[in-house]
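Undergrad: The following file, run.cif, comprises mmCIF, C-alpha atoms and all ligand atoms:
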```
data_run
loop_
_atom_site.group_PDB
_atom_site.id
_atom_site.type_symbol
_atom_site.label_atom_id
_atom_site.label_comp_id
_atom_site.auth_asym_id
_atom_site.auth_seq_id
_atom_site.Cartn_x
_atom_site.Cartn_y
_atom_site.Cartn_z
ATOM 1 C CA MET T 194 -14.656 12.710 8.245
ATOM 2 C CA LYS T 195 -14.896 8.949 7.644
ATOM 3 C CA VAL T 196 -11.766 7.027 6.734
ATOM 4 C CA LEU T 197 -11.359 3.555 5.257
ATOM 5 C CA VAL T 198 -8.074 1.637 5.324
ATOM 6 C CA ALA T 199 -8.429 -1.067 2.667
ATOM 7 C CA TYR T 200 -5.564 -3.438 1.970
ATOM 8 C CA TYR T 201 -4.610 -6.498 0.004
ATOM 9 C CA SER T 202 -1.966 -8.757 1.540
ATOM 10 C CA GLU T 203 -0.793 -12.256 0.677
ATOM 11 C CA THR T 204 1.847 -12.901 3.344
ATOM 12 C CA GLY T 205 0.944 -10.333 6.016
ATOM 13 C CA ASN T 206 3.469 -7.549 5.277
ATOM 14 C CA THR T 207 0.975 -5.044 3.886
ATOM 15 C CA GLU T 208 -1.558 -6.001 6.545
ATOM 16 C CA LYS T 209 0.972 -5.098 9.255
ATOM 17 C CA VAL T 210 1.512 -1.656 7.719
ATOM 18 C CA ALA T 211 -2.264 -1.229 7.318
ATOM 19 C CA GLN T 212 -2.704 -1.808 11.069
ATOM 20 C CA SER T 213 -0.091 0.878 11.803
ATOM 21 C CA ILE T 214 -1.822 3.326 9.487
ATOM 22 C CA TYR T 215 -5.108 2.591 11.225
ATOM 23 C CA GLU T 216 -3.460 3.304 14.607
ATOM 24 C CA GLY T 217 -1.851 6.480 13.299
ATOM 25 C CA LEU T 218 -5.234 7.914 12.344
ATOM 26 C CA GLY T 219 -6.083 8.399 16.022
ATOM 27 C CA PHE T 220 -9.697 9.037 16.998
ATOM 28 C CA VAL T 221 -11.198 9.853 13.607
ATOM 29 C CA GLU T 222 -14.202 7.724 12.505
ATOM 30 C CA LYS T 223 -12.425 4.848 10.757
ATOM 31 C CA LYS T 224 -12.627 1.291 9.523
ATOM 32 C CA ILE T 225 -9.998 -1.209 8.407
ATOM 33 C CA ALA T 226 -10.747 -4.117 6.067
ATOM 34 C CA SER T 227 -9.169 -6.438 3.574
ATOM 35 C CA ILE T 228 -10.049 -5.296 0.048
ATOM 36 C CA LYS T 229 -11.929 -8.564 -0.404
ATOM 37 C CA ASP T 230 -14.408 -7.719 2.392
ATOM 38 C CA ALA T 231 -14.171 -3.928 2.282
ATOM 39 C CA PRO T 232 -17.370 -1.897 2.626
ATOM 40 C CA ARG T 233 -18.384 0.360 -0.265
ATOM 41 C CA ALA T 234 -15.925 3.215 -0.671
ATOM 42 C CA ALA T 235 -18.826 5.586 -1.335
ATOM 43 C CA GLN T 236 -19.509 5.732 2.437
ATOM 44 C CA PHE T 237 -16.060 7.221 3.170
ATOM 45 C CA ASP T 238 -14.335 10.561 2.567
ATOM 46 C CA VAL T 239 -10.758 9.284 2.538
ATOM 47 C CA ILE T 240 -9.643 5.852 1.389
ATOM 48 C CA PHE T 241 -6.196 4.461 2.144
ATOM 49 C CA VAL T 242 -5.425 1.711 -0.353
ATOM 50 C CA GLY T 243 -2.586 -0.724 0.407
ATOM 51 C CA PHE T 244 -1.017 -3.432 -1.734
ATOM 52 C CA PRO T 245 2.116 -5.528 -2.212
ATOM 53 C CA VAL T 246 4.025 -4.521 -5.339
ATOM 54 C CA GLN T 247 3.735 -7.447 -7.720
ATOM 55 C CA ASN T 248 5.536 -7.606 -11.050
ATOM 56 C CA HIS T 249 6.481 -3.904 -10.677
ATOM 57 C CA SER T 250 2.819 -3.055 -10.526
ATOM 58 C CA VAL T 251 -0.501 -3.117 -8.685
ATOM 59 C CA PRO T 252 -2.205 -6.512 -8.138
ATOM 60 C CA ALA T 253 -5.293 -6.956 -10.339
ATOM 61 C CA VAL T 254 -7.656 -7.217 -7.365
ATOM 62 C CA VAL T 255 -6.471 -3.805 -6.143
ATOM 63 C CA GLU T 256 -6.833 -2.323 -9.613
ATOM 64 C CA LYS T 257 -10.473 -3.462 -9.659
ATOM 65 C CA PHE T 258 -11.103 -1.973 -6.214
ATOM 66 C CA LEU T 259 -9.563 1.343 -7.272
ATOM 67 C CA LYS T 260 -11.734 1.578 -10.358
ATOM 68 C CA ARG T 261 -14.858 1.234 -8.209
ATOM 69 C CA ILE T 262 -13.973 4.175 -5.929
ATOM 70 C CA PRO T 263 -16.321 7.029 -6.840
ATOM 71 C CA ALA T 264 -14.968 10.175 -8.501
ATOM 72 C CA GLY T 265 -13.900 13.028 -6.232
ATOM 73 C CA LYS T 266 -12.837 10.827 -3.276
ATOM 74 C CA LYS T 267 -9.518 11.423 -1.550
ATOM 75 C CA VAL T 268 -7.146 8.489 -1.865
ATOM 76 C CA ALA T 269 -3.756 7.700 -0.276
ATOM 77 C CA PHE T 270 -1.626 4.765 -1.388
ATOM 78 C CA PHE T 271 0.653 2.551 0.669
ATOM 79 C CA ALA T 272 2.621 -0.453 -0.495
ATOM 80 C CA THR T 273 5.201 -2.967 0.618
ATOM 81 C CA HIS T 274 7.815 -4.280 -1.781
ATOM 82 C CA GLY T 275 10.922 -6.420 -1.727
ATOM 83 C CA SER T 276 12.974 -3.860 -3.657
ATOM 84 C CA LEU T 277 14.676 -0.862 -2.040
ATOM 85 C CA ARG T 278 12.628 1.839 -0.328
ATOM 86 C CA GLY T 279 12.137 4.824 -2.601
ATOM 87 C CA GLY T 280 13.753 2.852 -5.423
ATOM 88 C CA GLU T 281 12.683 3.124 -9.015
ATOM 89 C CA LEU T 282 10.888 -0.219 -9.025
ATOM 90 C CA ALA T 283 8.540 0.659 -6.180
ATOM 91 C CA VAL T 284 7.975 4.195 -7.428
ATOM 92 C CA THR T 285 6.889 2.817 -10.811
ATOM 93 C CA ALA T 286 4.086 0.891 -9.079
ATOM 94 C CA PHE T 287 2.895 4.077 -7.344
ATOM 95 C CA TYR T 288 2.893 5.960 -10.666
ATOM 96 C CA TYR T 289 0.731 3.245 -12.080
ATOM 97 C CA ALA T 290 -1.642 3.317 -9.087
ATOM 98 C CA CYS T 291 -1.968 7.100 -9.510
ATOM 99 C CA SER T 292 -2.712 6.688 -13.211
ATOM 100 C CA LEU T 293 -5.773 4.641 -12.235
ATOM 101 C CA THR T 294 -7.203 7.481 -10.179
ATOM 102 C CA ALA T 295 -7.649 10.245 -12.751
ATOM 103 C CA ASN T 296 -10.968 11.389 -11.243
ATOM 104 C CA LYS T 297 -9.861 11.161 -7.589
ATOM 105 C CA LYS T 298 -7.573 13.261 -5.387
ATOM 106 C CA VAL T 299 -4.334 11.500 -4.497
ATOM 107 C CA LEU T 300 -3.113 12.750 -1.105
ATOM 108 C CA GLY T 301 0.216 10.903 -1.093
ATOM 109 C CA THR T 302 2.055 7.606 -1.049
ATOM 110 C CA TYR T 303 3.964 5.547 1.506
ATOM 111 C CA GLY T 304 6.161 2.604 0.665
ATOM 112 C CA CYS T 305 8.361 0.337 2.727
ATOM 113 C CA ARG T 306 10.082 -2.970 2.211
ATOM 114 C CA GLY T 307 8.451 -6.330 2.817
ATOM 115 C CA LYS T 308 10.248 -9.621 3.232
ATOM 116 C CA VAL T 309 10.042 -12.339 0.619
ATOM 117 C CA LYS T 310 10.482 -16.036 1.495
ATOM 118 C CA PRO T 311 14.048 -17.238 0.613
ATOM 119 C CA LYS T 312 12.656 -20.102 -1.481
ATOM 120 C CA MET T 313 10.676 -17.635 -3.550
ATOM 121 C CA ILE T 314 13.725 -15.393 -4.055
ATOM 122 C CA GLU T 315 15.680 -18.388 -5.254
ATOM 123 C CA ALA T 316 13.020 -19.174 -7.863
ATOM 124 C CA LEU T 317 12.622 -15.543 -8.932
ATOM 125 C CA MET T 318 16.361 -15.073 -9.453
ATOM 126 C CA LYS T 319 16.099 -17.557 -12.313
ATOM 127 C CA ARG T 320 13.586 -15.375 -14.166
ATOM 128 C CA PRO T 321 15.199 -12.451 -16.022
ATOM 129 C CA GLN T 322 12.149 -10.219 -15.506
ATOM 130 C CA ASP T 323 12.313 -10.722 -11.700
ATOM 131 C CA LYS T 324 16.034 -11.042 -11.066
ATOM 132 C CA TYR T 325 16.574 -7.314 -10.548
ATOM 133 C CA TRP T 326 14.114 -6.824 -7.699
ATOM 134 C CA ALA T 327 14.659 -10.317 -6.268
ATOM 135 C CA LEU T 328 18.347 -9.428 -5.756
ATOM 136 C CA GLU T 329 17.317 -6.355 -3.762
ATOM 137 C CA ALA T 330 14.699 -8.333 -1.832
ATOM 138 C CA GLN T 331 17.397 -10.499 -0.268
ATOM 139 C CA SER T 332 18.077 -7.767 2.282
ATOM 140 C CA ALA T 333 14.444 -7.132 3.270
ATOM 141 C CA THR T 334 14.441 -9.996 5.783
ATOM 142 C CA GLY T 335 13.159 -8.032 8.806
ATOM 143 C CA ASN T 336 10.679 -5.721 7.088
ATOM 144 C CA PRO T 337 8.304 -4.216 7.736
ATOM 145 C CA ASP T 338 10.014 -3.466 11.070
ATOM 146 C CA GLU T 339 9.062 -1.116 13.905
ATOM 147 C CA ALA T 340 10.704 1.878 12.171
ATOM 148 C CA ASP T 341 8.608 1.214 9.042
ATOM 149 C CA CYS T 342 5.460 0.974 11.190
ATOM 150 C CA GLU T 343 6.253 4.199 13.033
ATOM 151 C CA ASP T 344 6.832 6.018 9.714
ATOM 152 C CA ALA T 345 3.486 4.631 8.503
ATOM 153 C CA ARG T 346 1.665 5.943 11.618
ATOM 154 C CA LYS T 347 3.141 9.414 11.120
ATOM 155 C CA TRP T 348 2.400 9.386 7.396
ATOM 156 C CA ALA T 349 -1.236 8.408 8.064
ATOM 157 C CA TRP T 350 -1.659 11.372 10.383
ATOM 158 C CA TRP T 351 -0.093 13.687 7.821
ATOM 159 C CA MET T 352 -2.456 12.411 5.099
ATOM 160 C CA LEU T 353 -5.408 13.070 7.399
ATOM 161 C CA MET T 354 -4.238 16.661 7.965
ATOM 162 C CA LYS T 355 -3.948 17.121 4.205
ATOM 163 C CA ALA T 356 -7.436 15.705 3.644
ATOM 164 C CA ARG T 357 -8.878 18.111 6.234
ATOM 165 C CA ALA T 358 -7.098 21.064 4.623
ATOM 166 C CA LEU T 359 -8.694 20.156 1.286
ATOM 167 C CA GLU T 360 -12.248 20.019 2.699
HETATM 168 C C1 LIG G 401 4.329 -12.871 -7.191
HETATM 169 C C2 LIG G 401 5.135 -11.798 -6.516
HETATM 170 C C3 LIG G 401 5.641 -10.753 -7.273
HETATM 171 C C4 LIG G 401 6.378 -9.733 -6.664
HETATM 172 N N1 LIG G 401 6.870 -8.716 -7.428
HETATM 173 C C5 LIG G 401 7.619 -7.735 -6.836
HETATM 174 C C6 LIG G 401 8.135 -6.671 -7.621
HETATM 175 O O1 LIG G 401 7.962 -6.572 -8.814
HETATM 176 N N2 LIG G 401 8.879 -5.728 -7.003
HETATM 177 C C7 LIG G 401 9.138 -5.773 -5.650
HETATM 178 O O2 LIG G 401 9.813 -4.894 -5.144
HETATM 179 N N3 LIG G 401 8.644 -6.785 -4.867
HETATM 180 C C8 LIG G 401 7.872 -7.747 -5.442
HETATM 181 N N4 LIG G 401 7.374 -8.766 -4.665
HETATM 182 C C9 LIG G 401 7.604 -8.761 -3.202
HETATM 183 C C10 LIG G 401 6.377 -8.291 -2.440
HETATM 184 O O3 LIG G 401 5.932 -7.042 -2.922
HETATM 185 C C11 LIG G 401 6.702 -8.123 -0.937
HETATM 186 O O4 LIG G 401 7.192 -9.311 -0.392
HETATM 187 C C12 LIG G 401 5.484 -7.665 -0.163
HETATM 188 O O5 LIG G 401 5.885 -7.164 1.078
HETATM 189 C C13 LIG G 401 4.453 -8.767 0.066
HETATM 190 O O6 LIG G 401 3.380 -8.202 0.774
HETATM 191 P P1 LIG G 401 2.229 -9.068 1.458
HETATM 192 O O7 LIG G 401 2.868 -9.888 2.557
HETATM 193 O O8 LIG G 401 1.294 -8.058 2.006
HETATM 194 O O9 LIG G 401 1.623 -9.909 0.406
HETATM 195 C C14 LIG G 401 6.616 -9.780 -5.257
HETATM 196 C C15 LIG G 401 6.105 -10.844 -4.505
HETATM 197 C C16 LIG G 401 5.381 -11.842 -5.116
HETATM 198 C C17 LIG G 401 4.868 -12.980 -4.278
#
```
Please express the file's structure as structure tokens.
Ligand SMILES: Cc1cc2nc3c(=O)[nH]c(=O)nc-3n(C[C@H](O)[C@H](O)[C@H](O)COP(=O)(O)O)c2cc1C
TA:
Amino acid sequence: MKVLVAYYSETGNTEKVAQSIYEGLGFVEKKIASIKDAPRAAQFDVIFVGFPVQNHSVPAVVEKFLKRIPAGKKVAFFATHGSLRGGELAVTAFYYACSLTANKKVLGTYGCRGKVKPKMIEALMKRPQDKYWALEAQSATGNPDEADCEDARKWAWWMLMKARALE
């Protein structure tokens, strides 16, 4: 089984989680790459796709990457977000990501919080459409932390077990 961990990250939070997922996969044949330089998904059986939640949704570059994944592939999503873990805002982004994968098998999702620069929070608080999540993001200063990374490693292993069971 060949596994690709493909991620998009602007400030390093999602990249950190991607590295943990890669570690958690153990000795399976695997590759990790930024979405911008990722090899063709067709060569892999399972594709982990990671992104920062942006505007309650999936960044456009990730959307494009998802649409190019061939039908029938197994996909698992991970994301970092300033809003609360498991909160409605982050879950909405996962729903949207899943809606883009109608012809693929979604194994599961993993989300954890990712810090946002204080200056950015200050600016976002002034925009009504961002105020809600920006308020929550104020307490994500240390994330992703070691507990988030450990959860990501365990989740990755669990996704791999699921993928094998579906073979
Ligand atoms: C332009 C922009 C929009 C964002 N929109 C949201 C959002 O809607 N909801 C949320 O929870 N976090 C949002 N965030 C916070 C990021 O998802 C979070 O900081 C993430 O961990 C960044 O990951 P990265 O370092 O991999 O880029 C936004 C951040 C930026 C820069």
Undergrad: Chain T near ligand LIG 401 (chain G) within 6 Å: what's each residue's closest atom pair and its distance in Å to one decimal, counting only C-alpha atoms and all ligand atoms, ordered by chain then ascending residue number, as a tab-separated table?
TA:
```
residue	atom	partner	partner_atom	distance
T:Ser202	CA	G:LIG401	O8	3.4
T:Glu203	CA	G:LIG401	O9	3.4
T:Thr204	CA	G:LIG401	O7	3.3
T:Gly205	CA	G:LIG401	O7	4.0
T:Asn206	CA	G:LIG401	O7	3.6
T:Thr207	CA	G:LIG401	O8	3.6
T:Glu208	CA	G:LIG401	O8	5.7
T:Pro245	CA	G:LIG401	O3	4.2
T:Val246	CA	G:LIG401	O3	4.0
T:Gln247	CA	G:LIG401	N1	3.4
T:Asn248	CA	G:LIG401	O1	3.5
T:His249	CA	G:LIG401	O1	3.6
T:Thr273	CA	G:LIG401	O5	4.3
T:His274	CA	G:LIG401	O3	3.5
T:Gly275	CA	G:LIG401	N3	3.9
T:Ser276	CA	G:LIG401	O2	3.6
T:Ala283	CA	G:LIG401	O2	5.8
T:Gly307	CA	G:LIG401	O5	3.2
T:Lys308	CA	G:LIG401	O4	4.8
T:Val309	CA	G:LIG401	O4	4.3
T:Trp326	CA	G:LIG401	O2	5.4
```
Undergrad: Output C-alpha atoms for every residue in the selection just made, as an mmCIF file, keeping the file's coordinate frame.
TA:
```cif
data_model
loop_
_atom_site.group_PDB
_atom_site.id
_atom_site.type_symbol
_atom_site.label_atom_id
_atom_site.label_comp_id
_atom_site.auth_asym_id
_atom_site.auth_seq_id
_atom_site.Cartn_x
_atom_site.Cartn_y
_atom_site.Cartn_z
ATOM 1 C CA SER T 202 -1.966 -8.757 1.540
ATOM 2 C CA GLU T 203 -0.793 -12.256 0.677
ATOM 3 C CA THR T 204 1.847 -12.901 3.344
ATOM 4 C CA GLY T 205 0.944 -10.333 6.016
ATOM 5 C CA ASN T 206 3.469 -7.549 5.277
ATOM 6 C CA THR T 207 0.975 -5.044 3.886
ATOM 7 C CA GLU T 208 -1.558 -6.001 6.545
ATOM 8 C CA PRO T 245 2.116 -5.528 -2.212
ATOM 9 C CA VAL T 246 4.025 -4.521 -5.339
ATOM 10 C CA GLN T 247 3.735 -7.447 -7.720
ATOM 11 C CA ASN T 248 5.536 -7.606 -11.050
ATOM 12 C CA HIS T 249 6.481 -3.904 -10.677
ATOM 13 C CA THR T 273 5.201 -2.967 0.618
ATOM 14 C CA HIS T 274 7.815 -4.280 -1.781
ATOM 15 C CA GLY T 275 10.922 -6.420 -1.727
ATOM 16 C CA SER T 276 12.974 -3.860 -3.657
ATOM 17 C CA ALA T 283 8.540 0.659 -6.180
ATOM 18 C CA GLY T 307 8.451 -6.330 2.817
ATOM 19 C CA LYS T 308 10.248 -9.621 3.232
ATOM 20 C CA VAL T 309 10.042 -12.339 0.619
ATOM 21 C CA TRP T 326 14.114 -6.824 -7.699
#
```
Undergrad: Find the distance between CA of Met354 in chain T and CA of Phe287 in chain T and write it in Å to one decimal.
TA: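 Straight-line distance from CA of Met354 in chain T to CA of Phe287 in chain T works out to 21.1 Å.
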Undergrad: Which residues are close to Lys229 in chain T, i.e. within 12 Å by all atoms listed in the file, leaving aside same-chain residues fewer than 4 positions away? Reply as a PDB file with C-alpha atoms, in the coordinates of the input.
TA:
```pdb
ATOM      1  CA  ALA T 199      -8.429  -1.067   2.667  1.00  0.00           C
ATOM      2  CA  TYR T 200      -5.564  -3.438   1.970  1.00  0.00           C
ATOM      3  CA  TYR T 201      -4.610  -6.498   0.004  1.00  0.00           C
ATOM      4  CA  SER T 202      -1.966  -8.757   1.540  1.00  0.00           C
ATOM      5  CA  GLU T 203      -0.793 -12.256   0.677  1.00  0.00           C
ATOM      6  CA  ILE T 225      -9.998  -1.209   8.407  1.00  0.00           C
ATOM      7  CA  ARG T 233     -18.384   0.360  -0.265  1.00  0.00           C
ATOM      8  CA  VAL T 254      -7.656  -7.217  -7.365  1.00  0.00           C
ATOM      9  CA  VAL T 255      -6.471  -3.805  -6.143  1.00  0.00           C
ATOM     10  CA  LYS T 257     -10.473  -3.462  -9.659  1.00  0.00           C
ATOM     11  CA  PHE T 258     -11.103  -1.973  -6.214  1.00  0.00           C
TER      12      PHE T 258
END
```
Undergrad: Between T:Tyr325, T:Tyr289, T:Phe237, T:Tyr303, which is the closest to Ala253 in chain T once you count all atoms listed in the file?
TA: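 Among T:Tyr325, T:Tyr289, T:Phe237, T:Tyr303, it is T:Tyr289 that comes nearest to Ala253 in chain T.
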Undergrad: Going by the chain IDs and residue numbers used in this file, which residues fall under the PyMOL selection byres (((chain T and resi 304) around 12) and not hetatm)? Write them as a PDB file with C-alpha atoms, in the coordinates of the input.
TA:
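Wrote it out as selection-v9.pdb, contents follow:
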```
ATOM      1  CA  ASN T 206       3.469  -7.549   5.277  1.00  0.00           C
ATOM      2  CA  THR T 207       0.975  -5.044   3.886  1.00  0.00           C
ATOM      3  CA  VAL T 210       1.512  -1.656   7.719  1.00  0.00           C
ATOM      4  CA  ALA T 211      -2.264  -1.229   7.318  1.00  0.00           C
ATOM      5  CA  ILE T 214      -1.822   3.326   9.487  1.00  0.00           C
ATOM      6  CA  VAL T 242      -5.425   1.711  -0.353  1.00  0.00           C
ATOM      7  CA  GLY T 243      -2.586  -0.724   0.407  1.00  0.00           C
ATOM      8  CA  PHE T 244      -1.017  -3.432  -1.734  1.00  0.00           C
ATOM      9  CA  PRO T 245       2.116  -5.528  -2.212  1.00  0.00           C
ATOM     10  CA  VAL T 246       4.025  -4.521  -5.339  1.00  0.00           C
ATOM     11  CA  ALA T 269      -3.756   7.700  -0.276  1.00  0.00           C
ATOM     12  CA  PHE T 270      -1.626   4.765  -1.388  1.00  0.00           C
ATOM     13  CA  PHE T 271       0.653   2.551   0.669  1.00  0.00           C
ATOM     14  CA  ALA T 272       2.621  -0.453  -0.495  1.00  0.00           C
ATOM     15  CA  THR T 273       5.201  -2.967   0.618  1.00  0.00           C
ATOM     16  CA  HIS T 274       7.815  -4.280  -1.781  1.00  0.00           C
ATOM     17  CA  GLY T 275      10.922  -6.420  -1.727  1.00  0.00           C
ATOM     18  CA  SER T 276      12.974  -3.860  -3.657  1.00  0.00           C
ATOM     19  CA  LEU T 277      14.676  -0.862  -2.040  1.00  0.00           C
ATOM     20  CA  ARG T 278      12.628   1.839  -0.328  1.00  0.00           C
ATOM     21  CA  GLY T 279      12.137   4.824  -2.601  1.00  0.00           C
ATOM     22  CA  GLY T 280      13.753   2.852  -5.423  1.00  0.00           C
ATOM     23  CA  GLU T 281      12.683   3.124  -9.015  1.00  0.00           C
ATOM     24  CA  LEU T 282      10.888  -0.219  -9.025  1.00  0.00           C
ATOM     25  CA  ALA T 283       8.540   0.659  -6.180  1.00  0.00           C
ATOM     26  CA  VAL T 284       7.975   4.195  -7.428  1.00  0.00           C
ATOM     27  CA  THR T 285       6.889   2.817 -10.811  1.00  0.00           C
ATOM     28  CA  ALA T 286       4.086   0.891  -9.079  1.00  0.00           C
ATOM     29  CA  PHE T 287       2.895   4.077  -7.344  1.00  0.00           C
ATOM     30  CA  GLY T 301       0.216  10.903  -1.093  1.00  0.00           C
ATOM     31  CA  THR T 302       2.055   7.606  -1.049  1.00  0.00           C
ATOM     32  CA  TYR T 303       3.964   5.547   1.506  1.00  0.00           C
ATOM     33  CA  CYS T 305       8.361   0.337   2.727  1.00  0.00           C
ATOM     34  CA  ARG T 306      10.082  -2.970   2.211  1.00  0.00           C
ATOM     35  CA  GLY T 307       8.451  -6.330   2.817  1.00  0.00           C
ATOM     36  CA  ASN T 336      10.679  -5.721   7.088  1.00  0.00           C
ATOM     37  CA  PRO T 337       8.304  -4.216   7.736  1.00  0.00           C
ATOM     38  CA  ASP T 341       8.608   1.214   9.042  1.00  0.00           C
ATOM     39  CA  CYS T 342       5.460   0.974  11.190  1.00  0.00           C
ATOM     40  CA  ASP T 344       6.832   6.018   9.714  1.00  0.00           C
ATOM     41  CA  ALA T 345       3.486   4.631   8.503  1.00  0.00           C
ATOM     42  CA  TRP T 348       2.400   9.386   7.396  1.00  0.00           C
ATOM     43  CA  ALA T 349      -1.236   8.408   8.064  1.00  0.00           C
TER      44      ALA T 349
END
```
Undergrad: Under the rule that all atoms listed in the file are counted, which of T:Val268, T:Ala226, T:Val221, T:Ala235 is the nearest residue to Met352 in chain T?
TA: T:Val268
Undergrad: Here is a test: counting all atoms listed in the file, which residue of T:Ile228, T:Ile314, T:Ala358, T:Leu197 is nearest to Ile240 in chain T?
TA: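 Once distances to Ile240 in chain T are computed over all atoms listed in the file, the minimum belongs to T:Leu197.
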Undergrad: For each of T:Gln212, T:Thr334, T:Gln236, T:Ser250, take the minimum atom-to-atom distance to Val198 in chain T, counting only C-alpha atoms, then give the residue where this is smallest.
TA: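 For Val198 in chain T, the nearest of the candidates is T:Gln212.
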Undergrad: Name the closest residue to Ala356 in chain T among the candidates T:Ser213, T:Arg261, T:Ser227, T:Lys267; distances are taken between atoms, counting all atoms listed in the file.
TA: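 So, comparing all the options, the nearest one is T:Lys267.
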Undergrad: Please compute the CA of Leu300 in chain T-CA of Ala231 in chain T distance, one decimal, in Å.
TA: 20.3 Å
Undergrad: Report, in Å to a single decimal, how far apart CA of Lys209 in chain T and CA of Lys297 in chain T are.
TA: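 Answer for the CA of Lys297 in chain T to CA of Lys209 in chain T separation: 25.8 Å.
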Undergrad: Pick out the closest residue to Leu218 in chain T from this set: T:Leu353, T:Leu293, T:Ala330, T:Val239. Count all atoms listed in the file.
TA: T:Leu353
